[in-house]
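Below: entry_15.pdb (PDB, C-alpha atoms)
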MODEL        1
ATOM      1  CA  MET V   1      -2.277 -10.153  21.333
ATOM      2  CA  THR V   2       0.577  -8.996  23.503
ATOM      3  CA  SER V   3       1.349  -5.401  24.313
ATOM      4  CA  THR V   4       4.787  -4.295  23.179
ATOM      5  CA  VAL V   5       6.220  -0.774  23.150
ATOM      6  CA  THR V   6       8.652   0.789  20.708
ATOM      7  CA  GLY V   7      11.502   0.626  23.213
ATOM      8  CA  ASP V   8      11.269  -3.145  23.587
ATOM      9  CA  HIS V   9      14.535  -4.773  22.523
ATOM     10  CA  THR V  10      12.778  -7.225  20.192
ATOM     11  CA  VAL V  11      10.967  -4.375  18.411
ATOM     12  CA  LEU V  12      14.231  -2.481  18.029
ATOM     13  CA  ALA V  13      15.962  -5.610  16.727
ATOM     14  CA  ALA V  14      13.204  -6.169  14.164
ATOM     15  CA  ALA V  15      13.436  -2.560  12.975
ATOM     16  CA  HIS V  16      17.209  -2.891  12.648
ATOM     17  CA  ARG V  17      16.853  -6.121  10.654
ATOM     18  CA  LEU V  18      14.557  -4.450   8.137
ATOM     19  CA  LEU V  19      16.769  -1.371   7.893
ATOM     20  CA  THR V  20      19.805  -3.555   7.217
ATOM     21  CA  ALA V  21      17.963  -5.384   4.436
ATOM     22  CA  SER V  22      16.956  -2.107   2.841
ATOM     23  CA  THR V  23      20.418  -0.550   2.989
ATOM     24  CA  THR V  24      22.345  -3.654   1.881
ATOM     25  CA  GLY V  25      19.848  -4.897  -0.685
ATOM     26  CA  ILE V  26      19.929  -8.355   0.878
ATOM     27  CA  PRO V  27      16.508  -9.641   2.019
ATOM     28  CA  ALA V  28      16.326 -10.614   5.689
ATOM     29  CA  GLU V  29      14.890 -13.445   7.717
ATOM     30  CA  PRO V  30      11.308 -12.885   8.903
ATOM     31  CA  VAL V  31      10.928 -10.551  11.857
ATOM     32  CA  ARG V  32       8.121 -12.677  13.318
ATOM     33  CA  GLU V  33      10.935 -14.676  14.909
ATOM     34  CA  LEU V  34      11.527 -11.599  17.062
ATOM     35  CA  ILE V  35       8.076 -10.082  17.634
ATOM     36  CA  GLY V  36       5.695 -12.987  17.053
ATOM     37  CA  ARG V  37       3.523 -13.549  14.001
ATOM     38  CA  ASP V  38       0.285 -12.134  15.473
ATOM     39  CA  ASP V  39       1.416  -9.240  17.669
ATOM     40  CA  VAL V  40      -0.269  -6.295  15.948
ATOM     41  CA  ILE V  41       0.983  -3.729  18.466
ATOM     42  CA  ALA V  42       4.596  -4.836  18.094
ATOM     43  CA  ALA V  43       4.362  -4.948  14.297
ATOM     44  CA  TYR V  44       3.078  -1.384  14.048
ATOM     45  CA  ALA V  45       5.681  -0.300  16.591
ATOM     46  CA  VAL V  46       8.387  -1.608  14.261
ATOM     47  CA  GLN V  47       6.743   0.186  11.332
ATOM     48  CA  ARG V  48       6.604   3.394  13.362
ATOM     49  CA  ILE V  49      10.334   3.239  14.077
ATOM     50  CA  GLY V  50      11.015   2.994  10.356
ATOM     51  CA  THR V  51       8.666   5.900   9.629
ATOM     52  CA  VAL V  52      10.255   8.141  12.236
ATOM     53  CA  ARG V  53      13.727   7.240  10.995
ATOM     54  CA  ARG V  54      12.804   8.154   7.420
ATOM     55  CA  CYS V  55      11.166  11.425   8.469
ATOM     56  CA  ASN V  56      14.200  12.365  10.554
ATOM     57  CA  ALA V  57      16.306  11.803   7.437
ATOM     58  CA  GLY V  58      14.173  14.270   5.478
ATOM     59  CA  ALA V  59      11.529  12.040   3.871
ATOM     60  CA  ARG V  60       8.045  13.524   3.463
ATOM     61  CA  VAL V  61       4.842  11.562   4.133
ATOM     62  CA  VAL V  62       2.222  11.980   1.374
ATOM     63  CA  GLY V  63      -0.379   9.399   2.394
ATOM     64  CA  ARG V  64      -1.070   5.773   3.262
ATOM     65  CA  LYS V  65      -1.546   2.440   1.557
ATOM     66  CA  ILE V  66      -3.962  -0.300   2.517
ATOM     67  CA  GLY V  67      -2.930  -3.926   2.172
ATOM     68  CA  LEU V  68      -4.462  -7.351   2.719
ATOM     69  CA  THR V  69      -7.843  -6.253   1.375
ATOM     70  CA  SER V  70      -8.403  -9.468  -0.569
ATOM     71  CA  PRO V  71     -10.168 -12.321   1.279
ATOM     72  CA  ALA V  72      -7.898 -14.820  -0.497
ATOM     73  CA  VAL V  73      -4.737 -13.089   0.761
ATOM     74  CA  GLN V  74      -6.175 -12.749   4.273
ATOM     75  CA  GLN V  75      -6.904 -16.476   4.285
ATOM     76  CA  GLN V  76      -3.387 -17.212   3.046
ATOM     77  CA  LEU V  77      -1.842 -15.289   5.946
ATOM     78  CA  GLY V  78      -4.408 -16.424   8.488
ATOM     79  CA  VAL V  79      -5.736 -12.946   9.314
ATOM     80  CA  ASP V  80      -9.160 -11.352   9.274
ATOM     81  CA  GLN V  81      -8.188  -7.710   8.820
ATOM     82  CA  PRO V  82      -6.328  -5.459   6.394
ATOM     83  CA  ASP V  83      -3.206  -3.521   7.282
ATOM     84  CA  PHE V  84      -1.734  -0.161   6.326
ATOM     85  CA  GLY V  85       1.602   1.448   5.582
ATOM     86  CA  VAL V  86       2.985   4.929   4.949
ATOM     87  CA  LEU V  87       3.574   6.523   1.538
ATOM     88  CA  PHE V  88       6.572   8.813   1.176
ATOM     89  CA  ALA V  89       7.060  11.368  -1.597
ATOM     90  CA  ASP V  90      10.167   9.580  -2.894
ATOM     91  CA  MET V  91       8.097   6.470  -3.650
ATOM     92  CA  GLN V  92       6.070   8.256  -6.329
ATOM     93  CA  VAL V  93       6.960   7.605  -9.956
ATOM     94  CA  PRO V  94       7.841   9.464 -12.148
ATOM     95  CA  GLN V  95       7.997  12.533  -9.897
ATOM     96  CA  THR V  96      11.051  11.128  -8.106
ATOM     97  CA  PRO V  97      14.160  10.360 -10.181
ATOM     98  CA  LEU V  98      15.198   6.714 -10.097
ATOM     99  CA  ALA V  99      18.375   7.307  -8.102
ATOM    100  CA  GLN V 100      16.389   9.029  -5.327
ATOM    101  CA  ARG V 101      13.730   6.325  -4.898
ATOM    102  CA  PRO V 102      13.982   3.589  -2.262
ATOM    103  CA  PRO V 103      15.754   0.534  -3.711
ATOM    104  CA  LEU V 104      13.671  -2.438  -4.816
ATOM    105  CA  LEU V 105      14.647  -5.924  -3.654
ATOM    106  CA  GLN V 106      11.887  -8.334  -4.748
ATOM    107  CA  PRO V 107       9.291  -6.213  -6.548
ATOM    108  CA  LYS V 108       5.833  -7.225  -7.678
ATOM    109  CA  VAL V 109       3.115  -5.054  -9.183
ATOM    110  CA  GLU V 110      -0.611  -4.736  -8.556
ATOM    111  CA  ALA V 111      -3.352  -2.452  -9.849
ATOM    112  CA  GLU V 112      -5.753  -0.569  -7.645
ATOM    113  CA  LEU V 113      -7.788   2.576  -7.118
ATOM    114  CA  ALA V 114      -6.262   5.518  -5.292
ATOM    115  CA  PHE V 115      -8.096   8.360  -3.601
ATOM    116  CA  VAL V 116      -6.790  11.877  -2.986
ATOM    117  CA  LEU V 117      -8.512  13.594  -0.095
ATOM    118  CA  ALA V 118     -10.075  17.053  -0.182
ATOM    119  CA  SER V 119     -10.679  17.264   3.567
ATOM    120  CA  ASP V 120      -9.550  15.754   6.856
ATOM    121  CA  LEU V 121     -11.019  12.470   8.079
ATOM    122  CA  ASP V 122     -10.997  12.948  11.835
ATOM    123  CA  HIS V 123     -14.754  12.907  12.522
ATOM    124  CA  ASP V 124     -16.612  10.739  15.002
ATOM    125  CA  ARG V 125     -18.515   8.960  12.222
ATOM    126  CA  LEU V 126     -16.224   7.526   9.562
ATOM    127  CA  ASP V 127     -18.231   5.250   7.290
ATOM    128  CA  ALA V 128     -18.295   4.834   3.512
ATOM    129  CA  GLU V 129     -20.766   7.687   3.085
ATOM    130  CA  ARG V 130     -18.676  10.132   5.115
ATOM    131  CA  VAL V 131     -15.372   9.280   3.429
ATOM    132  CA  ARG V 132     -16.967   9.583  -0.025
ATOM    133  CA  GLY V 133     -17.635  13.233   0.730
ATOM    134  CA  ALA V 134     -13.984  13.800   1.680
ATOM    135  CA  ILE V 135     -12.551  12.577  -1.648
ATOM    136  CA  ALA V 136     -11.215  15.139  -4.108
ATOM    137  CA  TYR V 137     -10.749  12.547  -6.849
ATOM    138  CA  ALA V 138      -9.949   8.926  -7.612
ATOM    139  CA  VAL V 139      -7.417   7.591 -10.100
ATOM    140  CA  ALA V 140      -6.065   4.312 -11.459
ATOM    141  CA  THR V 141      -2.847   3.325  -9.726
ATOM    142  CA  LEU V 142      -0.045   0.824 -10.038
ATOM    143  CA  GLU V 143       1.630  -0.101  -6.776
ATOM    144  CA  ILE V 144       5.053  -1.679  -6.952
ATOM    145  CA  VAL V 145       5.038  -3.714  -3.770
ATOM    146  CA  ASP V 146       8.257  -5.056  -2.295
ATOM    147  CA  SER V 147       9.434  -7.078   0.674
ATOM    148  CA  ARG V 148      12.572  -6.852   2.731
ATOM    149  CA  ILE V 149      11.766 -10.398   3.917
ATOM    150  CA  ALA V 150      13.544 -13.128   1.932
ATOM    151  CA  ASP V 151      11.363 -14.965  -0.618
ATOM    152  CA  TRP V 152       8.265 -13.044   0.508
ATOM    153  CA  ASP V 153       8.017 -15.465   3.444
ATOM    154  CA  ILE V 154       5.693 -13.178   5.369
ATOM    155  CA  SER V 155       3.133 -13.369   8.126
ATOM    156  CA  PHE V 156       0.796 -10.537   9.102
ATOM    157  CA  ALA V 157       3.376  -9.177  11.541
ATOM    158  CA  ASP V 158       6.147  -9.299   8.936
ATOM    159  CA  THR V 159       4.290  -7.258   6.341
ATOM    160  CA  VAL V 160       2.997  -4.703   8.867
ATOM    161  CA  ALA V 161       6.472  -4.205  10.312
ATOM    162  CA  ASP V 162       7.849  -3.859   6.774
ATOM    163  CA  ASN V 163       5.621  -0.848   6.091
ATOM    164  CA  ALA V 164       2.936  -3.068   4.557
ATOM    165  CA  SER V 165       5.423  -4.373   1.962
ATOM    166  CA  SER V 166       5.629  -0.987   0.283
ATOM    167  CA  GLY V 167       7.857  -0.006  -2.627
ATOM    168  CA  TRP V 168       6.831   2.581  -5.218
ATOM    169  CA  PHE V 169       3.588   3.764  -6.776
ATOM    170  CA  THR V 170       2.421   5.677  -9.825
ATOM    171  CA  LEU V 171      -0.890   7.408 -10.426
ATOM    172  CA  GLY V 172      -2.761   7.623 -13.715
ATOM    173  CA  GLU V 173      -3.428  10.977 -15.332
ATOM    174  CA  ARG V 174      -7.225  10.987 -15.579
ATOM    175  CA  GLN V 175      -8.818  12.053 -12.312
ATOM    176  CA  LEU V 176     -12.350  10.859 -11.529
ATOM    177  CA  THR V 177     -14.873  12.259  -9.115
ATOM    178  CA  VAL V 178     -16.735   9.638  -7.112
ATOM    179  CA  ALA V 179     -19.958  11.144  -8.446
ATOM    180  CA  GLU V 180     -19.009   9.647 -11.834
ATOM    181  CA  PHE V 181     -18.900   5.986 -10.759
ATOM    182  CA  GLU V 182     -19.329   3.494  -7.940
ATOM    183  CA  PRO V 183     -15.889   2.183  -6.924
ATOM    184  CA  ARG V 184     -17.213  -1.291  -6.074
ATOM    185  CA  GLU V 185     -18.601  -1.691  -9.625
ATOM    186  CA  ILE V 186     -15.388  -1.091 -11.587
ATOM    187  CA  ALA V 187     -13.389  -3.791 -13.347
ATOM    188  CA  MET V 188      -9.597  -3.898 -13.597
ATOM    189  CA  ARG V 189      -7.268  -5.436 -16.156
ATOM    190  CA  MET V 190      -3.465  -5.347 -15.873
ATOM    191  CA  THR V 191      -1.043  -6.421 -18.592
ATOM    192  CA  ILE V 192       2.733  -6.787 -18.728
ATOM    193  CA  ASP V 193       4.211  -6.430 -22.208
ATOM    194  CA  GLY V 194       0.697  -6.828 -23.558
ATOM    195  CA  GLU V 195      -0.067 -10.101 -21.756
ATOM    196  CA  LEU V 196      -2.931 -10.194 -19.264
ATOM    197  CA  VAL V 197      -1.507 -10.982 -15.813
ATOM    198  CA  SER V 198      -4.212  -9.805 -13.412
ATOM    199  CA  GLU V 199      -7.857  -8.842 -13.383
ATOM    200  CA  GLY V 200     -10.460  -8.170 -10.751
ATOM    201  CA  THR V 201     -13.191  -5.830  -9.572
ATOM    202  CA  GLY V 202     -13.780  -3.112  -7.021
ATOM    203  CA  ALA V 203     -15.736  -5.601  -4.941
ATOM    204  CA  ALA V 204     -12.489  -7.554  -4.384
ATOM    205  CA  CYS V 205     -11.269  -4.713  -2.158
ATOM    206  CA  LEU V 206     -13.077  -5.332   1.154
ATOM    207  CA  GLY V 207     -16.314  -5.409  -0.833
ATOM    208  CA  ASP V 208     -15.903  -1.756  -1.825
ATOM    209  CA  PRO V 209     -12.812   0.516  -1.977
ATOM    210  CA  LEU V 210     -14.833   3.105  -0.043
ATOM    211  CA  GLU V 211     -15.182   0.613   2.816
ATOM    212  CA  ALA V 212     -11.405   0.122   2.712
ATOM    213  CA  LEU V 213     -10.920   3.883   2.940
ATOM    214  CA  ALA V 214     -13.379   4.079   5.843
ATOM    215  CA  TRP V 215     -11.500   1.289   7.657
ATOM    216  CA  LEU V 216      -8.221   3.155   7.217
ATOM    217  CA  ALA V 217      -9.735   6.457   8.340
ATOM    218  CA  ARG V 218     -11.016   4.868  11.565
ATOM    219  CA  THR V 219      -7.754   3.008  12.187
ATOM    220  CA  ALA V 220      -5.556   6.043  11.520
ATOM    221  CA  ARG V 221      -7.687   8.105  13.891
ATOM    222  CA  GLU V 222      -7.345   5.423  16.578
ATOM    223  CA  PHE V 223      -3.562   5.525  16.117
ATOM    224  CA  GLY V 224      -3.677   9.289  16.718
ATOM    225  CA  ASP V 225      -2.596  10.177  13.186
ATOM    226  CA  PRO V 226      -5.794  10.789  11.159
ATOM    227  CA  LEU V 227      -5.946  11.151   7.406
ATOM    228  CA  ARG V 228      -5.635  14.741   6.222
ATOM    229  CA  ALA V 229      -6.612  16.794   3.202
ATOM    230  CA  GLY V 230      -4.158  16.192   0.358
ATOM    231  CA  ASP V 231      -3.290  12.659   1.444
ATOM    232  CA  ILE V 232      -2.986   9.987  -1.236
ATOM    233  CA  VAL V 233      -4.570   6.696  -0.208
ATOM    234  CA  LEU V 234      -3.945   3.493  -2.141
ATOM    235  CA  SER V 235      -7.089   1.532  -1.334
ATOM    236  CA  GLY V 236      -5.885  -2.021  -2.032
ATOM    237  CA  ALA V 237      -5.310  -4.423  -4.889
ATOM    238  CA  LEU V 238      -8.208  -5.277  -7.199
ATOM    239  CA  GLY V 239      -6.567  -8.469  -8.429
ATOM    240  CA  PRO V 240      -3.513 -10.691  -7.913
ATOM    241  CA  MET V 241      -0.057  -9.139  -7.897
ATOM    242  CA  ALA V 242       2.456 -10.164 -10.570
ATOM    243  CA  PRO V 243       6.271 -10.390 -10.551
ATOM    244  CA  LEU V 244       8.043  -7.352 -11.964
ATOM    245  CA  THR V 245      11.326  -7.270 -13.856
ATOM    246  CA  PRO V 246      13.224  -4.337 -15.353
ATOM    247  CA  ALA V 247      12.267  -2.921 -18.755
ATOM    248  CA  THR V 248       8.833  -4.563 -18.829
ATOM    249  CA  ALA V 249       5.861  -2.340 -19.661
ATOM    250  CA  VAL V 250       2.942  -2.515 -17.250
ATOM    251  CA  HIS V 251      -0.474  -1.166 -18.212
ATOM    252  CA  ALA V 252      -3.669  -1.181 -16.167
ATOM    253  CA  GLU V 253      -7.105   0.155 -16.871
ATOM    254  CA  LEU V 254     -10.231   0.605 -14.818
ATOM    255  CA  THR V 255     -13.493   0.170 -16.680
ATOM    256  CA  LEU V 256     -17.222   0.422 -16.035
ATOM    257  CA  GLY V 257     -19.090  -1.615 -18.590
ATOM    258  CA  THR V 258     -17.528  -0.733 -21.938
ATOM    259  CA  ASP V 259     -16.212   2.639 -20.737
ATOM    260  CA  VAL V 260     -12.545   3.054 -19.814
ATOM    261  CA  LEU V 261     -12.500   5.300 -16.756
ATOM    262  CA  SER V 262      -8.791   5.636 -16.030
ATOM    263  CA  THR V 263      -5.508   4.076 -17.131
ATOM    264  CA  VAL V 264      -1.988   3.978 -15.759
ATOM    265  CA  ASP V 265       1.371   2.840 -17.172
ATOM    266  CA  PHE V 266       4.760   2.029 -15.719
ATOM    267  CA  THR V 267       8.118   0.761 -16.928
ATOM    268  CA  TRP V 268      10.754  -0.044 -14.325
ATOM    269  CA  GLU V 269      14.189   1.212 -15.174
ATOM    270  CA  LYS V 270      16.642  -1.027 -13.335
ATOM    271  CA  ASN V 271      18.090   0.205 -10.030
ATOM    272  CA  ILE V 272      21.407   1.971 -10.400
TER
ENDMDL
END

Serialized structure, structure tokens:
Amino acid sequence: MTSTVTGDHTVLAAAHRLLTASTTGIPAEPVRELIGRDDVIAAYAVQRIGTVRRCNAGARVVGRKIGLTSPAVQQQLGVDQPDFGVLFADMQVPQTPLAQRPPLLQPKVEAELAFVLASDLDHDRLDAERVRGAIAYAVATLEIVDSRIADWDISFADTVADNASSGWFTLGERQLTVAEFEPREIAMRMTIDGELVSEGTGAACLGDPLEALAWLARTAREFGDPLRAGDIVLSGALGPMAPLTPATAVHAELTLGTDVLSTVDFTWEKNI
């Protein structure tokens, strides 16, 4: 791993490439050509530039998302760790009107479990047990992932730099306390227009979504920006992502045995 700072010209060029793709709607060439495919420091430096730019323009951070939690996806990209990105308020559907959301270029959809925090996670010990106690509630979630990189031709550095391939997200209505269920034991089914397109379990997310949350809490603290009370955390996909097109109805449900714990629905109105 090399050490690259945010002022490095290659980091700035990568950030500009991603910004141009987002503003023009034309996917860009991979940024690994500029920063290297395995330079974690450079990749997060590019992400940080994008985050600061958005905040300076008035965007509000509401949490984080965890990506690359599936062993199959990690193997595909040749990495042995997850990554994270930033959630902004204007990504949340339906709270944000369509015209005010970030544009989608190449969207896909995946179902997962989200946590909303009741307390800060900035302690010395941040394991699954500690983070469980910090959760206000959990809820079924659909994440509309997207890539500013043409044809989703991404390496680890590309997706990290591109804010962990973030797009939009929507939370289900039924809120669950983690006293009601074990996140690793849930099952997920996702349909598009009634056809099953993805299924999985809580164990597909780093073995346990609580372990994914603990990983993020430790990593965020190390980056000097710990998770705080009120943050929304998307803990990672529970099954394969599926392509998304306008006007299709997506439905996902989280179950434990025969009991439906939480559901979430989404229909993408086309960008205007």

Write out, as JSON lines, each residue of stretch 16-116 of chain V that has an atom at most 12 Å from stretch 124-140 of chain V, together with the closest pair of atoms and their distance in Å to one decimal, counting only C-alpha atoms, rows going by chain and rising number.
{"residue": "V:Glu110", "atom": "CA", "partner": "V:Ala140", "partner_atom": "CA", "distance": 11.0}
{"residue": "V:Ala111", "atom": "CA", "partner": "V:Ala140", "partner_atom": "CA", "distance": 7.5}
{"residue": "V:Glu112", "atom": "CA", "partner": "V:Ala140", "partner_atom": "CA", "distance": 6.2}
{"residue": "V:Leu113", "atom": "CA", "partner": "V:Ala140", "partner_atom": "CA", "distance": 5.0}
{"residue": "V:Ala114", "atom": "CA", "partner": "V:Val139", "partner_atom": "CA", "distance": 5.4}
{"residue": "V:Phe115", "atom": "CA", "partner": "V:Ala138", "partner_atom": "CA", "distance": 4.5}
{"residue": "V:Val116", "atom": "CA", "partner": "V:Tyr137", "partner_atom": "CA", "distance": 5.6}

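Using all atoms listed in the file, the shortest contact distance between V:Gly172 and any of V:Gln92, V:Thr10, V:Ser70, V:Ser22 is found at V:Gln92.
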
Report as number ranges by chain the residues that result from applying the PyMOL selection byres ((chain V and resi 217) around 9) to the structure here. V: 121-122, 126-127, 131, 212-216, 218-222, 226-227

Assuming the chain letters and numbering stay as they are in my file, what does the PyMOL selection byres ((chain V and resi 186) around 9) actually select? List them as JSON, numbers by chain. {"V": [181, 182, 183, 184, 185, 187, 188, 200, 201, 202, 203, 254, 255, 256, 257, 261]}

Ref. answer, residues at most 8 Å from (-1.4, -1.9, -14.7) with all atoms listed in the file, as a VMD selection string: chain V and resid 109 to 111 141 to 142 189 to 192 250 to 253 263 to 266

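Among V:Arg53, V:Arg37, V:Arg228, V:Arg148, the residue with the shortest atom-to-atom distance to V:Ser165, counting only C-alpha atoms, is V:Arg148.
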
Could you list, as a count of residues only, every residue matched by the PyMOL selection byres ((chain V and resi 101) around 10) in this structure? 19

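With all atoms listed in the file as the atoms that count, the residue of V:Phe223, V:Trp152, V:Tyr44, V:Phe84 with the shortest distance to V:Ala14 is V:Tyr44.
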
Please, what distance in Å, to one decimal, runs between atom CA of V:Gln74 and atom CA of V:Val52? 27.7 Å

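Among V:Ala249, V:Ile49, V:Leu234, V:Ile26, the residue with the shortest atom-to-atom distance to V:Val145, counting all atoms listed in the file, is V:Leu234.
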
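A straight line drawn from atom CA of V:Ala72 to atom CA of V:Ala43 is 21.6 Å long.
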
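You will find atom CA of V:Pro240 at 26.8 Å from atom CA of V:Val46.
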
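Nearest to V:Leu210 of all the residues V:Gly236, V:Gly230, V:Gly194, V:Pro71 is V:Gly236, based on only C-alpha atoms.
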
Counting all atoms listed in the file, figure out which residue out of V:Gly50, V:Pro27, V:Pro107, V:Gly67 gets nearest to V:Ala242. V:Pro107

Please produce stretch 111-127 of chain V, completed to N, CA and C atoms, as a compact mmCIF listing (two decimals), in the frame of the given file.
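Dumped everything to result.txt:
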# COMPACT_ATOMS: atom_id res chain seq x y z
N ALA V 111 -2.55 -3.60 -9.42
CA ALA V 111 -3.35 -2.45 -9.85
C ALA V 111 -4.46 -2.19 -8.85
N GLU V 112 -4.74 -0.92 -8.62
CA GLU V 112 -5.75 -0.57 -7.64
C GLU V 112 -6.30 0.82 -7.92
N LEU V 113 -7.19 1.26 -7.05
CA LEU V 113 -7.79 2.58 -7.12
C LEU V 113 -7.22 3.41 -5.99
N ALA V 114 -6.76 4.60 -6.32
CA ALA V 114 -6.26 5.52 -5.29
C ALA V 114 -7.23 6.67 -5.12
N PHE V 115 -7.30 7.18 -3.90
CA PHE V 115 -8.10 8.36 -3.60
C PHE V 115 -7.17 9.47 -3.12
N VAL V 116 -7.46 10.70 -3.53
CA VAL V 116 -6.79 11.88 -2.99
C VAL V 116 -7.84 12.67 -2.22
N LEU V 117 -7.52 13.00 -0.99
CA LEU V 117 -8.51 13.59 -0.10
C LEU V 117 -8.59 15.11 -0.24
N ALA V 118 -9.83 15.61 -0.14
CA ALA V 118 -10.07 17.05 -0.18
C ALA V 118 -10.21 17.63 1.22
N SER V 119 -10.50 16.78 2.20
CA SER V 119 -10.68 17.26 3.57
C SER V 119 -10.20 16.22 4.56
N ASP V 120 -10.02 16.64 5.80
CA ASP V 120 -9.55 15.75 6.86
C ASP V 120 -10.60 14.69 7.17
N LEU V 121 -10.12 13.54 7.62
CA LEU V 121 -11.02 12.47 8.08
C LEU V 121 -10.72 12.18 9.55
N ASP V 122 -11.21 13.08 10.39
CA ASP V 122 -11.00 12.95 11.84
C ASP V 122 -12.31 13.09 12.60
N HIS V 123 -13.44 12.77 11.92
CA HIS V 123 -14.75 12.91 12.52
C HIS V 123 -15.08 11.70 13.41
N ASP V 124 -16.15 11.85 14.17
CA ASP V 124 -16.61 10.74 15.00
C ASP V 124 -17.17 9.61 14.14
N ARG V 125 -17.92 9.97 13.10
CA ARG V 125 -18.52 8.96 12.22
C ARG V 125 -17.68 8.87 10.95
N LEU V 126 -17.07 7.73 10.74
CA LEU V 126 -16.22 7.53 9.56
C LEU V 126 -16.67 6.25 8.85
N ASP V 127 -17.73 6.37 8.08
CA ASP V 127 -18.23 5.25 7.29
C ASP V 127 -18.05 5.57 5.81
